[in-house]
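Read through the structure below, which is laid out as structure tokens, and then see the notes.
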Amino acid sequence: MAEPAQRTPRIPEDAPSLDPLAIERNYLRERARRRARVQRRSAVRRSNVRFWVTFGVLAFVTAFLILAAWHEVQTLFGV
């Protein structure tokens, strides 16, 4: 009868490497990921500020134009 093939033990891919260069690369990759996450968060904050500032300016300009038009209608028709 044939013998079953011997299986080599599989190393999980998440197992930590003992290679110093691999460890350093992992540190650098994690730092880059953290830096990207922080930059993304600050970009979102800046875009929120830009949105609300633009919204406020447009609301002010709209209110000003409505009041100016109302004033012109009052003077034109003598209301």
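Here, A, B, ... name the chains of the structure tokens in the order displayed, residue numbers run from 1 inside each chain, and ligands are numbered from 1 in the same displayed order.
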Residues of chain A in helix (DSSP H, G or I) according to DSSP, as a PyMOL selection string?
-> chain A and resi 20-77
